[in-house]
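Written below as structure tokens is the structure these notes are about.
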Amino acid sequence: QVHLTESGGTSVQAGDSLSLSCVPSGRTDSNYFLGWFRQAPEKEREFVGGIGWGGSISYYNPSVKGRFTISRDNAKNTVYLQMSALKPEDTAVYYCAADLSGTWFTDDRHYRRPSSYASWGQGTQVTVSS
């Protein structure tokens, strides 16, 4: 299992930038994919994007591509979700999650499904005001 801790959520204005962090613990190897999801009130949990912890693959939801960037700093054992040009519709609780299947997929269909992830963080609230 992997324990995930997100941080960095806060209230910002439309057009602002914000960076969220996710720190995994409890597993020494890095052979898993880490995804970012978000869930707005009364909406389903939505895939934002993700990155292979030990590899070079990354995927993004088209709604955030070009505005959001996911990166990892192995030295700090941290994955970042860097968000720019934020919009009120980006308001949600943001979660990081780990796919521990150990299988790498060549498209994002697997990674877009919340059920593909075995471990989830507690979430961090991002509120974007107009």
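Identifiers in the structure tokens: chain A, B, ... in order shown; residue index from 1 per chain; ligand index from 1 in order shown.
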For A:Ala85, find every residue with an atom within 9 Å (counting only C-alpha atoms), except residues of its own chain fewer than 2 positions away, and show them as a PyMOL selection string. chain A and resi 14-17+67-68+83+87
Can I get the selected residues back with all heavy atoms, as a PDB file, in the first residue's frame?
```pdb
ATOM      1  N   ALA A  14      -9.752  33.918 -10.181  1.00  0.00           N
ATOM      2  CA  ALA A  14      -9.654  33.436 -11.559  1.00  0.00           C
ATOM      3  C   ALA A  14      -8.430  34.046 -12.232  1.00  0.00           C
ATOM      4  O   ALA A  14      -8.139  35.235 -12.055  1.00  0.00           O
ATOM      5  CB  ALA A  14     -10.923  33.801 -12.325  1.00  0.00           C
ATOM      6  N   GLY A  15      -7.713  33.207 -12.958  1.00  0.00           N
ATOM      7  CA  GLY A  15      -6.499  33.655 -13.620  1.00  0.00           C
ATOM      8  C   GLY A  15      -5.240  33.403 -12.829  1.00  0.00           C
ATOM      9  O   GLY A  15      -4.130  33.465 -13.379  1.00  0.00           O
ATOM     10  N   ASP A  16      -5.390  33.104 -11.556  1.00  0.00           N
ATOM     11  CA  ASP A  16      -4.232  32.836 -10.698  1.00  0.00           C
ATOM     12  C   ASP A  16      -3.628  31.468 -11.001  1.00  0.00           C
ATOM     13  O   ASP A  16      -4.217  30.639 -11.699  1.00  0.00           O
ATOM     14  CB  ASP A  16      -4.622  32.893  -9.226  1.00  0.00           C
ATOM     15  CG  ASP A  16      -4.804  34.303  -8.715  1.00  0.00           C
ATOM     16  OD1 ASP A  16      -4.483  35.247  -9.481  1.00  0.00           O
ATOM     17  OD2 ASP A  16      -5.272  34.465  -7.579  1.00  0.00           O
ATOM     18  N   SER A  17      -2.460  31.253 -10.415  1.00  0.00           N
ATOM     19  CA  SER A  17      -1.787  29.964 -10.495  1.00  0.00           C
ATOM     20  C   SER A  17      -1.690  29.363  -9.097  1.00  0.00           C
ATOM     21  O   SER A  17      -1.676  30.088  -8.093  1.00  0.00           O
ATOM     22  CB  SER A  17      -0.384  30.119 -11.089  1.00  0.00           C
ATOM     23  OG  SER A  17      -0.452  30.619 -12.402  1.00  0.00           O
ATOM     24  N   ARG A  67      -2.942  24.128 -19.389  1.00  0.00           N
ATOM     25  CA  ARG A  67      -3.026  24.968 -18.188  1.00  0.00           C
ATOM     26  C   ARG A  67      -2.423  24.270 -16.971  1.00  0.00           C
ATOM     27  O   ARG A  67      -1.881  24.931 -16.089  1.00  0.00           O
ATOM     28  CB  ARG A  67      -4.478  25.328 -17.880  1.00  0.00           C
ATOM     29  CG  ARG A  67      -5.187  26.128 -18.949  1.00  0.00           C
ATOM     30  CD  ARG A  67      -6.534  26.634 -18.451  1.00  0.00           C
ATOM     31  NE  ARG A  67      -7.438  25.549 -18.101  1.00  0.00           N
ATOM     32  CZ  ARG A  67      -8.015  25.410 -16.904  1.00  0.00           C
ATOM     33  NH1 ARG A  67      -7.776  26.288 -15.947  1.00  0.00           N
ATOM     34  NH2 ARG A  67      -8.839  24.405 -16.661  1.00  0.00           N
ATOM     35  N   PHE A  68      -2.540  22.964 -16.920  1.00  0.00           N
ATOM     36  CA  PHE A  68      -2.042  22.190 -15.784  1.00  0.00           C
ATOM     37  C   PHE A  68      -0.831  21.371 -16.222  1.00  0.00           C
ATOM     38  O   PHE A  68      -0.789  20.838 -17.331  1.00  0.00           O
ATOM     39  CB  PHE A  68      -3.113  21.242 -15.249  1.00  0.00           C
ATOM     40  CG  PHE A  68      -4.292  21.901 -14.576  1.00  0.00           C
ATOM     41  CD1 PHE A  68      -4.499  23.266 -14.624  1.00  0.00           C
ATOM     42  CD2 PHE A  68      -5.207  21.123 -13.885  1.00  0.00           C
ATOM     43  CE1 PHE A  68      -5.589  23.866 -14.009  1.00  0.00           C
ATOM     44  CE2 PHE A  68      -6.304  21.692 -13.263  1.00  0.00           C
ATOM     45  CZ  PHE A  68      -6.486  23.065 -13.319  1.00  0.00           C
ATOM     46  N   MET A  83      -1.042  24.389 -11.568  1.00  0.00           N
ATOM     47  CA  MET A  83      -2.235  24.863 -12.251  1.00  0.00           C
ATOM     48  C   MET A  83      -2.091  26.348 -12.558  1.00  0.00           C
ATOM     49  O   MET A  83      -1.697  27.129 -11.676  1.00  0.00           O
ATOM     50  CB  MET A  83      -3.468  24.618 -11.376  1.00  0.00           C
ATOM     51  CG  MET A  83      -3.621  23.169 -10.942  1.00  0.00           C
ATOM     52  SD  MET A  83      -5.078  22.857  -9.928  1.00  0.00           S
ATOM     53  CE  MET A  83      -4.597  23.682  -8.410  1.00  0.00           C
ATOM     54  N   LYS A  87      -9.814  28.745 -13.455  1.00  0.00           N
ATOM     55  CA  LYS A  87     -11.166  29.190 -13.743  1.00  0.00           C
ATOM     56  C   LYS A  87     -12.079  28.772 -12.586  1.00  0.00           C
ATOM     57  O   LYS A  87     -11.773  27.803 -11.882  1.00  0.00           O
ATOM     58  CB  LYS A  87     -11.657  28.540 -15.036  1.00  0.00           C
ATOM     59  CG  LYS A  87     -10.756  28.745 -16.228  1.00  0.00           C
ATOM     60  CD  LYS A  87     -11.244  27.944 -17.423  1.00  0.00           C
ATOM     61  CE  LYS A  87     -10.325  28.088 -18.619  1.00  0.00           C
ATOM     62  NZ  LYS A  87     -10.792  27.293 -19.783  1.00  0.00           N
TER      63      LYS A  87
END
```
So that I can check the secondary structure, give me every residue of chain A assigned strand (DSSP E or B) by backbone DSSP, as a PyMOL selection string. chain A and resi 3-7+11-13+18-25+33-39+46-52+58-60+65+68-73+78-83+92-99+119-120+124-129
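Candidate residues A:Lys65, A:Lys76, A:His3, A:Arg45 were compared for distance to A:Ser25, and the nearest is A:His3, using only C-alpha atoms.
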I want to know what sits within 8 Å of A:Tyr80, based on only C-alpha atoms, with residues of the same chain fewer than 5 positions away left out; could you give that as a list of chain:residue names?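 The filter keeps A:Ser19, A:Leu20, A:Ser21, A:Cys22, A:Thr69, A:Ile70, A:Ser71, A:Arg72.
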Residues from the last selection, N, CA and C atoms, saved as a PDB file, in the first residue's frame:
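Result saved to result_4.pdb:
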```
ATOM      1  N   SER A  19      -0.065  25.589  -7.024  1.00  0.00           N
ATOM      2  CA  SER A  19       0.616  24.303  -7.128  1.00  0.00           C
ATOM      3  C   SER A  19       0.194  23.421  -5.962  1.00  0.00           C
ATOM      4  N   LEU A  20      -0.226  22.216  -6.285  1.00  0.00           N
ATOM      5  CA  LEU A  20      -0.560  21.213  -5.274  1.00  0.00           C
ATOM      6  C   LEU A  20       0.564  20.191  -5.199  1.00  0.00           C
ATOM      7  N   SER A  21       0.727  19.621  -4.022  1.00  0.00           N
ATOM      8  CA  SER A  21       1.756  18.598  -3.824  1.00  0.00           C
ATOM      9  C   SER A  21       1.121  17.304  -3.354  1.00  0.00           C
ATOM     10  N   CYS A  22       1.767  16.207  -3.720  1.00  0.00           N
ATOM     11  CA  CYS A  22       1.348  14.892  -3.256  1.00  0.00           C
ATOM     12  C   CYS A  22       2.602  14.136  -2.849  1.00  0.00           C
ATOM     13  N   THR A  69       0.112  21.246 -15.326  1.00  0.00           N
ATOM     14  CA  THR A  69       1.307  20.440 -15.573  1.00  0.00           C
ATOM     15  C   THR A  69       1.585  19.565 -14.360  1.00  0.00           C
ATOM     16  N   ILE A  70       1.822  18.296 -14.615  1.00  0.00           N
ATOM     17  CA  ILE A  70       2.167  17.370 -13.542  1.00  0.00           C
ATOM     18  C   ILE A  70       3.645  17.035 -13.650  1.00  0.00           C
ATOM     19  N   SER A  71       4.320  17.112 -12.547  1.00  0.00           N
ATOM     20  CA  SER A  71       5.751  16.812 -12.535  1.00  0.00           C
ATOM     21  C   SER A  71       6.105  16.084 -11.248  1.00  0.00           C
ATOM     22  N   ARG A  72       7.269  15.522 -11.232  1.00  0.00           N
ATOM     23  CA  ARG A  72       7.715  14.813 -10.025  1.00  0.00           C
ATOM     24  C   ARG A  72       9.141  15.215  -9.689  1.00  0.00           C
TER      25      ARG A  72
END
```
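Closest approach to A:Ser130 from the set A:Asn77, A:Gln13, A:Ser7, A:Ser101 is made by A:Gln13, with distances taken over only C-alpha atoms.
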Check the smallest atom-to-atom distance from each of A:Pro88, A:Gly9, A:Pro24, A:Gly52 to A:Val128 using only C-alpha atoms, then report the winner.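 Of A:Pro88, A:Gly9, A:Pro24, A:Gly52, the one nearest A:Val128, counting only C-alpha atoms, is A:Pro88.
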